[in-house]
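Engineer: Below is one structure. I have some questions about it.
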Amino acid sequence: MIAFEQYGTVIAWANQRHPEWRRGQTAVNVLTALRPDLEVGVCATPLDPFYQDERLEAFLSYIEEHWETGDL
(Lines give C-alpha, C1' and ligand atoms only; values in the text may rest on other atoms or scores of the structure.)
Protein backbone atom coordinates (compact mmCIF):
# COMPACT_ATOMS: atom_id res chain seq x y z
CA MET A 1 0.00 0.00 0.00
CA ILE A 2 1.23 3.47 -0.80
CA ALA A 3 1.44 6.23 1.78
CA PHE A 4 -1.08 9.07 1.89
CA GLU A 5 1.66 11.50 0.85
CA GLN A 6 2.20 9.49 -2.32
CA TYR A 7 -1.53 9.74 -3.04
CA GLY A 8 -1.08 13.52 -3.04
CA THR A 9 1.82 13.19 -5.46
CA VAL A 10 -0.27 11.08 -7.83
CA ILE A 11 -3.09 13.64 -7.64
CA ALA A 12 -0.66 16.38 -8.66
CA TRP A 13 0.63 14.26 -11.55
CA ALA A 14 -2.93 13.44 -12.69
CA ASN A 15 -3.90 17.14 -12.55
CA GLN A 16 -1.12 17.87 -15.03
CA ARG A 17 -1.94 14.88 -17.22
CA HIS A 18 -5.69 15.56 -17.27
CA PRO A 19 -6.20 19.34 -17.17
CA GLU A 20 -9.82 18.81 -18.27
CA TRP A 21 -10.59 17.19 -14.88
CA ARG A 22 -11.60 19.36 -11.95
CA ARG A 23 -9.47 19.04 -8.80
CA GLY A 24 -12.13 17.09 -6.89
CA GLN A 25 -12.72 14.83 -9.86
CA THR A 26 -9.00 14.11 -10.04
CA ALA A 27 -8.78 13.28 -6.33
CA VAL A 28 -11.68 10.84 -6.60
CA ASN A 29 -10.41 9.23 -9.82
CA VAL A 30 -6.98 8.67 -8.29
CA LEU A 31 -8.47 7.31 -5.06
CA THR A 32 -10.63 4.93 -7.09
CA ALA A 33 -7.52 3.59 -8.81
CA LEU A 34 -5.34 3.36 -5.69
CA ARG A 35 -7.75 2.68 -2.82
CA PRO A 36 -11.20 1.67 -4.05
CA ASP A 37 -11.95 0.47 -0.52
CA LEU A 38 -11.85 4.09 0.67
CA GLU A 39 -13.57 5.57 -2.36
CA VAL A 40 -16.65 3.41 -1.97
CA GLY A 41 -17.14 4.77 1.54
CA VAL A 42 -17.30 8.42 0.47
CA CYS A 43 -18.90 8.14 -2.96
CA ALA A 44 -22.15 10.12 -3.14
CA THR A 45 -21.78 11.42 0.44
CA PRO A 46 -21.47 15.07 1.53
CA LEU A 47 -17.67 14.55 1.45
CA ASP A 48 -17.56 13.52 -2.22
CA PRO A 49 -15.75 16.27 -4.19
CA PHE A 50 -16.23 14.70 -7.64
CA TYR A 51 -18.70 17.39 -8.74
CA GLN A 52 -18.00 20.02 -6.07
CA ASP A 53 -14.39 21.10 -5.63
CA GLU A 54 -15.27 23.03 -2.47
CA ARG A 55 -15.58 19.67 -0.71
CA LEU A 56 -12.00 18.70 -1.54
CA GLU A 57 -10.33 19.90 1.66
CA ALA A 58 -12.75 18.02 3.93
CA PHE A 59 -12.51 14.97 1.66
CA LEU A 60 -8.71 14.89 1.82
CA SER A 61 -8.71 15.32 5.60
CA TYR A 62 -11.16 12.46 5.98
CA ILE A 63 -9.22 10.19 3.63
CA GLU A 64 -5.93 10.97 5.39
CA GLU A 65 -7.50 10.15 8.75
CA HIS A 66 -8.64 6.75 7.48
CA TRP A 67 -5.78 5.94 5.09
CA GLU A 68 -3.89 3.52 7.33
CA THR A 69 -6.82 1.63 8.79
CA GLY A 70 -9.23 1.72 5.87
CA ASP A 71 -12.05 1.95 8.42
CA LEU A 72 -14.72 4.40 7.35
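In the C-alpha coordinates, chains take the letters A, B, ... in the order shown, each chain's residues start at 1, and ligands count up from 1 in the order shown.
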If you count only C-alpha atoms, which residues fall within 9 Å of Gly70 (chain A), apart from same-chain ones fewer than 6 positions away, as a list in words?
Structural biologist: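 Contacts, with the query itself left out: Arg35, Asp37, Leu38 and Ile63 of chain A.
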Engineer: Residues within 9 Å of region 21-33 of chain A, please, as a list of chain:residue names. Count only C-alpha atoms; anything in the same chain fewer than 4 positions from it doesn't count.
Structural biologist: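 Residues meeting the cut-off are A:Tyr7, A:Gly8, A:Val10, A:Ile11, A:Ala12, A:Ala14, A:Asn15, A:Asp37, A:Leu38, A:Glu39, A:Val40, A:Cys43, A:Asp48, A:Pro49, A:Phe50, A:Tyr51, A:Gln52, A:Asp53, A:Glu54, A:Arg55, A:Leu56, A:Phe59, A:Leu60.
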Engineer: Those selected residues, please, written with N, CA and C atoms and delivered as a PDB file, in the first residue's frame.
Structural biologist:
```pdb
ATOM      1  N   TYR A   7      -0.228   9.474  -2.430  1.00  0.00           N
ATOM      2  CA  TYR A   7      -1.527   9.736  -3.037  1.00  0.00           C
ATOM      3  C   TYR A   7      -1.588  11.192  -3.504  1.00  0.00           C
ATOM      4  N   GLY A   8      -1.128  12.097  -2.664  1.00  0.00           N
ATOM      5  CA  GLY A   8      -1.078  13.520  -3.039  1.00  0.00           C
ATOM      6  C   GLY A   8      -0.193  13.767  -4.243  1.00  0.00           C
ATOM      7  N   VAL A  10       0.433  11.611  -6.654  1.00  0.00           N
ATOM      8  CA  VAL A  10      -0.266  11.076  -7.827  1.00  0.00           C
ATOM      9  C   VAL A  10      -1.388  12.028  -8.249  1.00  0.00           C
ATOM     10  N   ILE A  11      -2.068  12.648  -7.303  1.00  0.00           N
ATOM     11  CA  ILE A  11      -3.093  13.639  -7.640  1.00  0.00           C
ATOM     12  C   ILE A  11      -2.465  14.783  -8.436  1.00  0.00           C
ATOM     13  N   ALA A  12      -1.332  15.285  -7.963  1.00  0.00           N
ATOM     14  CA  ALA A  12      -0.655  16.383  -8.662  1.00  0.00           C
ATOM     15  C   ALA A  12      -0.258  15.970 -10.080  1.00  0.00           C
ATOM     16  N   ALA A  14      -1.702  13.614 -11.914  1.00  0.00           N
ATOM     17  CA  ALA A  14      -2.935  13.440 -12.694  1.00  0.00           C
ATOM     18  C   ALA A  14      -3.541  14.787 -13.074  1.00  0.00           C
ATOM     19  N   ASN A  15      -3.418  15.790 -12.206  1.00  0.00           N
ATOM     20  CA  ASN A  15      -3.903  17.136 -12.548  1.00  0.00           C
ATOM     21  C   ASN A  15      -3.184  17.683 -13.763  1.00  0.00           C
ATOM     22  N   ASP A  37     -11.297   0.753  -1.803  1.00  0.00           N
ATOM     23  CA  ASP A  37     -11.945   0.471  -0.522  1.00  0.00           C
ATOM     24  C   ASP A  37     -12.324   1.753   0.208  1.00  0.00           C
ATOM     25  N   LEU A  38     -11.534   2.801   0.039  1.00  0.00           N
ATOM     26  CA  LEU A  38     -11.847   4.085   0.665  1.00  0.00           C
ATOM     27  C   LEU A  38     -12.835   4.879  -0.181  1.00  0.00           C
ATOM     28  N   GLU A  39     -12.694   4.798  -1.475  1.00  0.00           N
ATOM     29  CA  GLU A  39     -13.567   5.572  -2.362  1.00  0.00           C
ATOM     30  C   GLU A  39     -15.020   5.166  -2.198  1.00  0.00           C
ATOM     31  N   VAL A  40     -15.268   3.880  -2.082  1.00  0.00           N
ATOM     32  CA  VAL A  40     -16.646   3.408  -1.971  1.00  0.00           C
ATOM     33  C   VAL A  40     -17.334   3.955  -0.716  1.00  0.00           C
ATOM     34  N   CYS A  43     -18.181   7.877  -1.711  1.00  0.00           N
ATOM     35  CA  CYS A  43     -18.904   8.139  -2.960  1.00  0.00           C
ATOM     36  C   CYS A  43     -20.353   8.532  -2.662  1.00  0.00           C
ATOM     37  N   ASP A  48     -17.968  13.843  -0.858  1.00  0.00           N
ATOM     38  CA  ASP A  48     -17.558  13.518  -2.223  1.00  0.00           C
ATOM     39  C   ASP A  48     -17.319  14.795  -3.045  1.00  0.00           C
ATOM     40  N   PRO A  49     -16.054  15.051  -3.449  1.00  0.00           N
ATOM     41  CA  PRO A  49     -15.747  16.268  -4.195  1.00  0.00           C
ATOM     42  C   PRO A  49     -15.798  16.106  -5.717  1.00  0.00           C
ATOM     43  N   PHE A  50     -16.278  14.968  -6.205  1.00  0.00           N
ATOM     44  CA  PHE A  50     -16.227  14.704  -7.643  1.00  0.00           C
ATOM     45  C   PHE A  50     -16.861  15.830  -8.447  1.00  0.00           C
ATOM     46  N   TYR A  51     -18.009  16.312  -8.021  1.00  0.00           N
ATOM     47  CA  TYR A  51     -18.699  17.390  -8.735  1.00  0.00           C
ATOM     48  C   TYR A  51     -18.582  18.748  -8.055  1.00  0.00           C
ATOM     49  N   GLN A  52     -18.076  18.765  -6.828  1.00  0.00           N
ATOM     50  CA  GLN A  52     -18.002  20.017  -6.072  1.00  0.00           C
ATOM     51  C   GLN A  52     -16.618  20.164  -5.445  1.00  0.00           C
ATOM     52  N   ASP A  53     -15.763  20.922  -6.102  1.00  0.00           N
ATOM     53  CA  ASP A  53     -14.391  21.096  -5.629  1.00  0.00           C
ATOM     54  C   ASP A  53     -14.310  21.686  -4.229  1.00  0.00           C
ATOM     55  N   GLU A  54     -15.326  22.429  -3.808  1.00  0.00           N
ATOM     56  CA  GLU A  54     -15.269  23.032  -2.473  1.00  0.00           C
ATOM     57  C   GLU A  54     -15.299  21.986  -1.366  1.00  0.00           C
ATOM     58  N   ARG A  55     -15.604  20.762  -1.691  1.00  0.00           N
ATOM     59  CA  ARG A  55     -15.576  19.666  -0.710  1.00  0.00           C
ATOM     60  C   ARG A  55     -14.205  19.002  -0.603  1.00  0.00           C
ATOM     61  N   LEU A  56     -13.285  19.395  -1.444  1.00  0.00           N
ATOM     62  CA  LEU A  56     -11.997  18.703  -1.544  1.00  0.00           C
ATOM     63  C   LEU A  56     -11.203  18.710  -0.240  1.00  0.00           C
ATOM     64  N   PHE A  59     -12.712  16.306   2.212  1.00  0.00           N
ATOM     65  CA  PHE A  59     -12.512  14.968   1.664  1.00  0.00           C
ATOM     66  C   PHE A  59     -11.095  14.477   1.942  1.00  0.00           C
ATOM     67  N   LEU A  60     -10.106  15.299   1.621  1.00  0.00           N
ATOM     68  CA  LEU A  60      -8.711  14.890   1.817  1.00  0.00           C
ATOM     69  C   LEU A  60      -8.395  14.669   3.292  1.00  0.00           C
TER      70      LEU A  60
END
```
Engineer: DSSP on the backbone, alpha helix (DSSP H) only: what residues of region 4-69 of chain A does that give? Format it as JSON, numbers by chain.
Structural biologist: {"A": [4, 5, 6, 7, 8, 9, 10, 11, 12, 13, 14, 15, 16, 17, 23, 24, 25, 26, 27, 28, 29, 30, 31, 32, 33, 34, 36, 37, 38, 39, 40, 41, 42, 56, 57, 58, 59, 60, 61, 62, 63, 64, 65, 66]}
Engineer: Which of these residues is nearest to Glu65 (chain A), using only C-alpha atoms: A:Leu34, A:Thr9, A:Phe4, A:Ala44?
Structural biologist: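 Residue with the minimum atom-to-atom distance to Glu65 (chain A): A:Phe4.
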Engineer: Between A:Gln6, A:Pro46, A:Gly41, A:His18, which has the minimum distance to Ala58 (chain A) (counting only C-alpha atoms)?
Structural biologist: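 Residue with the minimum atom-to-atom distance to Ala58 (chain A): A:Pro46.
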Engineer: Have a look at CA of Thr45 (chain A) and CA of Trp13 (chain A) and let me know their distance in Å, one decimal.
Structural biologist: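 The value is 25.6 Å.
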Engineer: Work out how far CA of Glu68 (chain A) is from CA of Met1 (chain A), in Å to one decimal.
Structural biologist: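 Separating CA of Met1 (chain A) from CA of Glu68 (chain A) is a distance of 9.0 Å.
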